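Undergrad: Next comes protein_38.cif, mmCIF, C-alpha atoms:
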data_model
loop_
_atom_site.label_atom_id
_atom_site.label_comp_id
_atom_site.auth_asym_id
_atom_site.auth_seq_id
_atom_site.Cartn_x
_atom_site.Cartn_y
_atom_site.Cartn_z
CA MET B 1 0.00 0.00 0.00
CA ASP B 2 1.08 3.56 -0.73
CA GLU B 3 -0.53 6.94 -1.36
CA LYS B 4 -1.34 5.92 -4.95
CA HIS B 5 -2.63 2.46 -4.07
CA LEU B 6 -4.61 2.54 -0.85
CA SER B 7 -5.74 -0.62 0.91
CA VAL B 8 -9.34 -1.70 0.44
CA ARG B 9 -10.06 -0.39 3.93
CA LEU B 10 -8.63 3.08 3.31
CA THR B 11 -10.07 3.25 -0.20
CA ASN B 12 -13.50 2.89 1.35
CA VAL B 13 -12.71 5.53 3.97
CA ALA B 14 -11.52 7.88 1.21
CA SER B 15 -14.73 7.33 -0.77
CA LEU B 16 -16.71 8.82 2.15
CA VAL B 17 -14.73 12.08 2.29
CA PRO B 18 -16.70 14.96 0.72
CA ILE B 19 -15.27 16.84 -2.26
CA ASN B 20 -13.17 19.84 -1.15
CA ALA B 21 -13.40 18.84 2.50
CA ARG B 22 -10.80 20.16 4.93
CA VAL B 23 -9.63 16.94 6.53
CA ALA B 24 -7.86 16.02 9.73
CA ASP B 25 -6.57 12.45 9.53
CA ILE B 26 -5.80 11.38 13.08
CA GLY B 27 -3.31 8.54 13.43
CA SER B 28 -2.23 9.21 9.87
CA ASP B 29 0.93 7.04 9.92
CA HIS B 30 2.49 7.59 6.45
CA ALA B 31 -0.19 10.16 5.54
CA TYR B 32 -1.26 7.80 2.76
CA LEU B 33 -4.94 8.70 3.08
CA PRO B 34 -4.64 12.51 2.88
CA ALA B 35 -1.95 12.22 0.20
CA ALA B 36 -4.20 10.04 -1.94
CA LEU B 37 -7.10 12.46 -1.49
CA VAL B 38 -4.96 15.43 -2.58
CA LEU B 39 -3.31 13.58 -5.48
CA ASP B 40 -6.76 12.51 -6.71
CA GLY B 41 -7.89 16.14 -6.65
CA LYS B 42 -10.63 15.41 -4.11
CA ILE B 43 -9.33 17.76 -1.41
CA LYS B 44 -6.82 20.60 -1.20
CA TYR B 45 -6.07 20.77 2.52
CA ALA B 46 -5.44 18.22 5.24
CA VAL B 47 -3.76 17.81 8.60
CA ALA B 48 -1.94 14.53 9.21
CA GLY B 49 -1.85 14.02 12.97
CA GLU B 50 0.40 11.49 14.69
CA VAL B 51 1.19 11.00 18.37
CA VAL B 52 4.23 8.75 17.77
CA ARG B 53 7.39 10.30 16.35
CA GLY B 54 8.27 7.41 14.00
CA PRO B 55 4.98 7.46 12.06
CA TYR B 56 5.02 11.26 12.16
CA GLU B 57 8.43 11.28 10.46
CA ASN B 58 7.11 8.77 7.91
CA ALA B 59 4.30 11.20 7.12
CA VAL B 60 6.74 14.10 6.75
CA ARG B 61 8.82 12.09 4.25
CA GLU B 62 5.79 11.10 2.18
CA ILE B 63 4.52 14.67 2.06
CA HIS B 64 7.90 15.97 0.92
CA ALA B 65 8.34 13.16 -1.61
CA HIS B 66 5.18 14.23 -3.43
CA HIS B 67 5.68 17.98 -2.92
CA LEU B 68 2.46 18.28 -0.95
CA GLU B 69 3.78 20.69 1.68
CA ASP B 70 1.22 23.32 0.68
CA ASN B 71 -1.64 20.85 0.98
CA ILE B 72 -0.89 18.56 3.94
CA ILE B 73 0.36 19.75 7.32
CA PRO B 74 1.95 17.02 9.46
CA ARG B 75 1.61 17.54 13.22
CA LEU B 76 3.09 15.59 16.12
CA ALA B 77 0.26 15.77 18.64
CA ASP B 78 -2.03 13.65 20.77
CA GLY B 79 -5.38 13.04 19.09
CA LEU B 80 -7.40 16.08 18.11
CA ALA B 81 -4.75 18.38 19.58
CA ALA B 82 -3.31 18.20 16.05
CA ILE B 83 -6.12 20.53 14.92
CA THR B 84 -5.99 24.32 15.21
CA ALA B 85 -8.81 26.82 14.64
CA GLY B 86 -6.97 28.15 11.60
CA ASP B 87 -7.22 24.76 9.88
CA LYS B 88 -11.00 25.16 9.56
CA ILE B 89 -11.37 21.40 9.60
CA ASP B 90 -14.82 20.12 8.63
CA THR B 91 -14.08 16.39 8.27
CA ILE B 92 -12.19 14.09 10.63
CA THR B 93 -10.99 10.61 9.71
CA ILE B 94 -9.77 8.15 12.35
CA ALA B 95 -8.95 4.68 11.04
CA GLY B 96 -7.20 1.56 12.24
CA MET B 97 -7.66 1.89 16.00
CA GLY B 98 -9.80 0.21 18.62
CA GLY B 99 -13.22 1.68 19.25
CA SER B 100 -12.34 2.56 22.85
CA LEU B 101 -9.29 4.54 21.71
CA ILE B 102 -11.35 6.42 19.11
CA VAL B 103 -13.90 7.22 21.83
CA SER B 104 -11.10 8.53 24.05
CA ILE B 105 -9.72 10.71 21.24
CA LEU B 106 -13.16 12.19 20.52
CA GLU B 107 -14.03 12.68 24.19
CA ASN B 108 -10.72 14.34 25.04
CA GLY B 109 -10.91 16.57 21.96
CA LYS B 110 -14.54 17.70 22.16
CA ASP B 111 -13.51 21.34 21.95
CA LYS B 112 -11.97 20.61 18.54
CA LEU B 113 -15.22 19.20 17.13
CA LYS B 114 -16.94 22.57 16.76
CA GLY B 115 -17.46 23.22 13.08
CA VAL B 116 -16.74 19.62 12.13
CA LYS B 117 -19.51 18.38 9.87
CA ARG B 118 -18.48 14.76 9.36
CA LEU B 119 -16.70 12.01 11.29
CA ILE B 120 -15.44 9.01 9.30
CA LEU B 121 -14.43 6.34 11.80
CA GLN B 122 -12.99 2.89 11.18
CA PRO B 123 -12.62 0.97 14.43
CA ASN B 124 -10.84 -2.39 14.36
CA VAL B 125 -12.89 -3.57 17.37
CA GLY B 126 -15.35 -2.02 19.81
CA GLU B 127 -17.83 -0.73 17.23
CA SER B 128 -20.75 -0.85 19.67
CA GLN B 129 -18.93 1.32 22.20
CA LEU B 130 -18.17 3.87 19.49
CA ARG B 131 -21.78 3.99 18.31
CA GLN B 132 -22.84 4.50 21.93
CA TRP B 133 -20.55 7.54 22.22
CA LEU B 134 -21.90 8.98 18.98
CA MET B 135 -25.47 8.58 20.20
CA ASP B 136 -24.69 10.04 23.63
CA ASN B 137 -23.06 13.06 22.00
CA ARG B 138 -25.81 13.81 19.48
CA TYR B 139 -24.23 12.39 16.36
CA GLN B 140 -26.42 10.72 13.77
CA ILE B 141 -25.00 7.77 11.87
CA MET B 142 -25.38 8.64 8.19
CA THR B 143 -24.05 5.46 6.60
CA GLU B 144 -21.88 2.43 7.34
CA LYS B 145 -19.72 0.04 5.37
CA ILE B 146 -18.25 -3.35 6.15
CA VAL B 147 -15.27 -4.62 4.15
CA GLU B 148 -12.95 -7.63 4.20
CA GLU B 149 -9.24 -7.45 3.48
CA ASP B 150 -6.49 -10.00 4.02
CA GLY B 151 -8.58 -12.07 6.38
CA HIS B 152 -9.73 -9.14 8.50
CA ILE B 153 -13.16 -7.51 8.55
CA TYR B 154 -13.56 -3.79 9.17
CA GLU B 155 -16.56 -1.59 9.82
CA ILE B 156 -16.62 2.07 8.75
CA ILE B 157 -19.04 4.48 10.45
CA VAL B 158 -19.93 7.92 9.10
CA ALA B 159 -21.57 10.28 11.59
CA GLU B 160 -22.67 13.90 11.53
CA PRO B 161 -23.78 16.21 14.36
CA SER B 162 -27.51 16.42 15.02
CA VAL B 163 -29.40 19.27 16.69
CA VAL B 164 -31.73 16.78 18.35
CA PRO B 165 -30.93 13.54 20.20
CA PHE B 166 -30.88 10.49 17.95
CA ARG B 167 -31.64 7.15 19.60
CA TYR B 168 -30.47 3.67 18.64
CA SER B 169 -31.52 0.37 20.18
CA GLN B 170 -28.91 -1.91 21.71
CA TYR B 171 -29.44 -4.18 18.70
CA GLU B 172 -28.52 -1.30 16.35
CA LEU B 173 -25.56 -0.30 18.50
CA ASP B 174 -24.21 -3.85 18.37
CA PHE B 175 -24.70 -4.55 14.67
CA GLY B 176 -24.97 -1.12 13.05
CA PRO B 177 -28.27 0.44 11.90
CA PHE B 178 -27.20 0.66 8.24
CA LEU B 179 -25.39 -2.68 8.25
CA LEU B 180 -28.60 -4.31 9.50
CA GLU B 181 -30.52 -2.76 6.61
CA ASN B 182 -27.94 -3.71 3.99
CA LYS B 183 -26.61 -7.08 5.06
CA GLY B 184 -24.26 -8.89 2.77
CA PRO B 185 -21.72 -11.69 2.66
CA VAL B 186 -19.09 -9.84 4.70
CA PHE B 187 -21.59 -9.04 7.48
CA THR B 188 -22.62 -12.68 7.60
CA GLN B 189 -18.99 -13.83 7.55
CA LYS B 190 -18.06 -11.56 10.46
CA TRP B 191 -20.82 -12.78 12.72
CA ASN B 192 -20.50 -16.43 11.75
CA GLU B 193 -16.83 -16.21 12.74
CA TYR B 194 -17.89 -14.60 16.01
CA ILE B 195 -20.31 -17.45 16.67
CA CYS B 196 -17.55 -20.02 16.06
CA ARG B 197 -15.18 -18.25 18.46
CA GLU B 198 -17.80 -17.98 21.20
CA GLU B 199 -18.82 -21.62 20.82
CA LYS B 200 -15.19 -22.59 21.42
CA VAL B 201 -15.12 -20.40 24.54
CA ILE B 202 -18.28 -22.08 25.83
CA ASN B 203 -16.83 -25.53 25.19
CA GLN B 204 -13.70 -24.58 27.12
CA MET B 205 -15.82 -23.32 30.01
CA LYS B 206 -17.59 -26.67 30.15
CA GLN B 207 -14.25 -28.34 30.83
CA ALA B 208 -13.67 -26.32 34.02
CA GLN B 209 -13.85 -28.02 37.42
CA LYS B 210 -16.53 -25.54 38.43
CA ILE B 211 -18.65 -24.86 35.34
CA PRO B 212 -19.68 -21.16 35.12
CA VAL B 213 -23.31 -21.94 34.34
CA LYS B 214 -24.50 -18.33 34.57
CA LYS B 215 -21.76 -17.04 32.27
CA ILE B 216 -22.43 -19.78 29.72
CA ALA B 217 -26.14 -18.90 29.76
CA GLN B 218 -25.30 -15.22 29.11
CA LEU B 219 -23.05 -16.13 26.18
CA ARG B 220 -25.66 -18.44 24.69
CA LYS B 221 -28.31 -15.74 25.01
CA HIS B 222 -26.12 -13.30 23.11
CA LEU B 223 -25.35 -15.91 20.47
CA GLU B 224 -29.09 -16.26 19.86
CA VAL B 225 -29.23 -12.49 19.21
CA VAL B 226 -26.32 -12.78 16.76
CA LYS B 227 -27.98 -15.69 14.98
CA GLU B 228 -31.17 -13.65 14.71
CA ALA B 229 -29.20 -10.78 13.16
CA ILE B 230 -27.89 -12.95 10.33
CA ALA B 231 -30.86 -15.32 9.98
CA ASP B 232 -32.82 -13.06 7.65
CA ASP B 233 -29.84 -12.09 5.54
CA ASN B 234 -31.09 -12.56 1.97
CA TRP B 235 -28.09 -11.18 0.10
CA ASN B 236 -27.76 -14.43 -1.82
#
Show how you would write the structure in this file as structure tokens.
TA:
Amino acid sequence: MDEKHLSVRLTNVASLVPINARVADIGSDHAYLPAALVLDGKIKYAVAGEVVRGPYENAVREIHAHHLEDNIIPRLADGLAAITAGDKIDTITIAGMGGSLIVSILENGKDKLKGVKRLILQPNVGESQLRQWLMDNRYQIMTEKIVEEDGHIYEIIVAEPSVVPFRYSQYELDFGPFLLENKGPVFTQKWNEYICREEKVINQMKQAQKIPVKKIAQLRKHLEVVKEAIADDNWN
């Protein structure tokens, strides 16, 4: 992967960035995503934020290599501290982190979210926790994607601020309101793999000297919910 050939995951993130958006890519690593957006002519300005010096220096090198110094500003900073008022950022992308870390970044940087019209978030795990934060902070989920790449499955959540509270059920928080409406083979694959992993956990629990009956019952109850979520999947 490079700035001219994004991964499937980042290609899908890039597709959700509005034309001429002013983007802050948090955890930008090599700045591949903002570089690709600028080179494709989709945006003209981006901040590439990194909290770790090594990836930050990678981003600096990539930006210089493609003469994008006027378009992409690399910043060594923690989370949304990479953004200044003068950037006039309206779109934030955060990809490739756990949902809990993304929540922490958003929560700690709330003052930087004023004026931001779109969040494009790609958690590796913890999607439900992230949706819960969005709901609690008056963000409406506008669309979602689920993609598979190299044996891994990723969910992408697009959210925008709402003037009124927007409520989701626990079922929607767990599986994604848009993913539930537009199920497909990758959705089914993800949750079938989850079922297999949990069944193995249950079987291991049954081998214990003192069988955790209550815990097993809780897991089985949740598995029934997961099976319900994929049972009516008619993509094929």
Undergrad: Hey, what comes out of the PyMOL selection byres ((chain B and resi 37-53) around 10) on this file? Could you write it as an NGL selection string?
TA: :B and (3-4 or 11 or 14-15 or 17-36 or 54-60 or 63 or 66 or 68-84 or 87-89 or 91-94)
Undergrad: Around (-29.8, 8.6, 5.7) in the file's frame, which residues reach within 12 Å when counting all atoms listed in the file? Return as a ChimeraX atom specification?
TA: /B:140-144,158-160,177-178,181
Undergrad: If the PyMOL selection byres ((chain B and resi 155) around 7) were run on this exact file, what residues would it hold? Put them as number ranges by chain.
TA: B: 122-123, 145-147, 153-154, 156-157
Undergrad: Put a box with edges along x, y and z around all the listed atoms of stretch 194-202 of chain B, pad it by 6 Å on each side, then give me its centre and sizes in Å, one decimal, as AutoDock Vina command-line options.
TA:
--center_x -17.7 --center_y -18.6 --center_z 20.9 --size_x 17.2 --size_y 20.0 --size_z 21.8
Undergrad: For this file, the PyMOL selection byres ((chain B and resi 100-113) around 6) selects which residues, as an mmCIF file with C-alpha atoms, in the coordinates of the input?
TA:
data_model
loop_
_atom_site.group_PDB
_atom_site.id
_atom_site.type_symbol
_atom_site.label_atom_id
_atom_site.label_comp_id
_atom_site.auth_asym_id
_atom_site.auth_seq_id
_atom_site.Cartn_x
_atom_site.Cartn_y
_atom_site.Cartn_z
ATOM 1 C CA GLY B 79 -5.380 13.040 19.090
ATOM 2 C CA LEU B 80 -7.400 16.080 18.110
ATOM 3 C CA GLY B 98 -9.800 0.210 18.620
ATOM 4 C CA GLY B 99 -13.220 1.680 19.250
ATOM 5 C CA LYS B 114 -16.940 22.570 16.760
ATOM 6 C CA VAL B 116 -16.740 19.620 12.130
ATOM 7 C CA LEU B 130 -18.170 3.870 19.490
#
Undergrad: In terms of the shortest atom-to-atom distance over all atoms listed in the file, which of B:Ile216, B:Leu173, B:Val225, B:Leu180 is closest to B:Tyr194?
TA: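 Of B:Ile216, B:Leu173, B:Val225, B:Leu180, the one nearest B:Tyr194, counting all atoms listed in the file, is B:Val225.
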Undergrad: In Å to one decimal, how far is atom CA of B:His5 from atom CA of B:Pro185?
TA: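 Result for atom CA of B:Pro185 versus atom CA of B:His5: 24.7 Å, one decimal.
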